[in-house]
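Following: one structure in structure tokens, then a few remarks.
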Amino acid sequence: MSTRLHVRQLRALFAAGAVVLVAACTEVGPNYVRPSLPVSAAYKEASHQDAQPIPAVLAAGKWWMIYNDPTLDALVSQVRVNNQSLAAAAARVLEAQALIQVASSASEPQIVAGTIKSGRSNKNDFGIGASWELDLWGRIRRDVEAHRAAAQASADDLAAATLSMQAQLVQAYFALRQDDALIGLMHRSVEADDQWQRMVGNQYTQGIASSANVADASTKSSTMQLQLADTKAARAQLEHAIAVMLGKQPAEFSIAPAPFDTNVPVIPAGVPASLLERRPDIAASERRMAAASARIGVSKAETLPSINLAAGIGVINGPTGTVDAHAPLFTGGRLQAQLANANAGYTEAVANYRQAVLVAFREVEDDLVSVSTLAGNAELQAAAATAAKDSDRVTRNQYREGVADYPAVVDAVNGALDANRADMQLRLRRLDASVNLIMALGGGWQSDTTGDVKR
């Protein structure tokens, strides 16, 4: 009979706690609202651009496919799967998500087995005990809110790291393809220089050329061979870097040489307001701001009274139940300092968010300037490269016809190399600038059913 009475008391105790929880609980601290920011209607440096539709590959979020290179597509598709830096970032997301459950579990009764206080006199006993903190002021809910926002920020960090790694790989790949093309051109120059060195050597033997002529021809040949060796080494190092980005051993990875014929795409800038949704680093900063706001509520709740319910069933003394109420009276300023710290942390997070947005706008404007300026130089550089190729072809024909001597051929070959190298370097800079612009704009574009652009 007595045991039944105690069980009824326990049920009533927990029922009362539930009523208090539902009816009396409130959440202290500010309810988070993202601060509004002044946003321009358009990018200043996009005034030269015509309105451009979003390419299908960007709309699908696969931005690298805009370069139309199957080898590049295959490489980038492996980054998210195999890159170890991204694997570490993905693990951090899981860690943050696990902390949500840790914080949420505080709102559930905690049941343990072991030494407890039981019976009417709360004597030491062995049995099963349960405790439950009533979330009167929303401390636990605010803590869960903070951890959830932090986990979302961690997921956005992963997206930002993925975008950055993809961009690094794409730019390394373009640099490698430029080296492929340079190596081909340098081989032609090395062959021309070697032949001229042999010819000068024969002329010196015949007494026609001086030792100075031999030394000059040898210097030119050696210089070009050194440039060729340096370019091959740079190409190998780029290949090694790409291997590591893909989580592979450099010794087990290679990319076959191929032409450097990638066209520079047109990248639509869109409107500045969409940048707040596209860029994962901005999204991460905004989520950290939300987490900081929730922590104010956590700190505020700790300055208010708390109620804990406890119950247990002992082997010797049977069931028991208690209600513990606590109100902080004097803590040496600790709780007030914690609240001040939380408020300052939110102020810092807001400033960081606004700075992140400003930096993002600046990066887009900078990259738009780079894309525009380099595009304006491309036509002139391409014309110079074409003229140098024509000069090389004409001079070789003249040499075969006996009109020009071989030094003119060497000069034309090296002139074509220099002009084409400058042309390829400019194309690489334009491709790099296009990648930087895509990254500054947030990577890919994805449209929802309403037609709004979202990251």
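We label chains A, B, ... in the order they appear in the structure tokens, count residues from 1 in each chain, and number ligands from 1 in the order shown.
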
List as CSV every residue of stretch 306-363 of chain A that is in contact with stretch 133-150 of chain A, defined as an atom at most 8 Å from one of its atoms (using only C-alpha atoms), together with the nearest atom pair and the distance in Å rounded to one decimal, sorted by chain and then rising number.
```
residue,atom,partner,partner_atom,distance
A:Ser306,CA,A:Leu136,CA,7.0
A:Ile307,CA,A:Leu134,CA,5.7
A:Asn308,CA,A:Glu133,CA,4.4
A:Leu309,CA,A:Glu133,CA,6.3
```

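With only C-alpha atoms taken into account, the protein and nucleic acid residues at most 8 Å from A:Asp156 (excluding it and anything under 5 positions from it in its own chain) are Pro280, Asp281, Ala283 and Ala284 of chain A.
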
| task | Between atom CA of A:Pro109 and atom CA of A:Asp324, measure the distance and give it in Å to one decimal. | result |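 Pair atom CA of A:Pro109 / atom CA of A:Asp324 returns 14.6 Å.
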
| query | From the list A:Gly345, A:Pro328, A:Gly318, A:Pro250, which residue is nearest A:Arg288 when using only C-alpha atoms? | reply |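 For A:Arg288, the nearest of the candidates is A:Gly345.
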
| task | Please indicate the distance in Å from atom CA of A:Leu339 to atom CA of A:Val298, rounded to one decimal place. | result |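 Result for atom CA of A:Leu339 versus atom CA of A:Val298: 8.5 Å, one decimal.
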
| message | My list of candidates is A:Leu158, A:Leu368, A:Met439, A:Leu358. Which is closest to A:Leu37 when distances are computed with only C-alpha atoms? | response | A:Leu358

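The gap separating atom CA of A:Arg421 from atom CA of A:Thr71 is 23.2 Å, in Å to one decimal.
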
| said: Can you pull out every residue from stretch 31-217 of chain A that DSSP, working from the backbone, puts in alpha helix (DSSP H), and format the result as an NGL selection string? | reply: :A and (56-59 or 70-76 or 79-82 or 84-104 or 139-205 or 211-217)
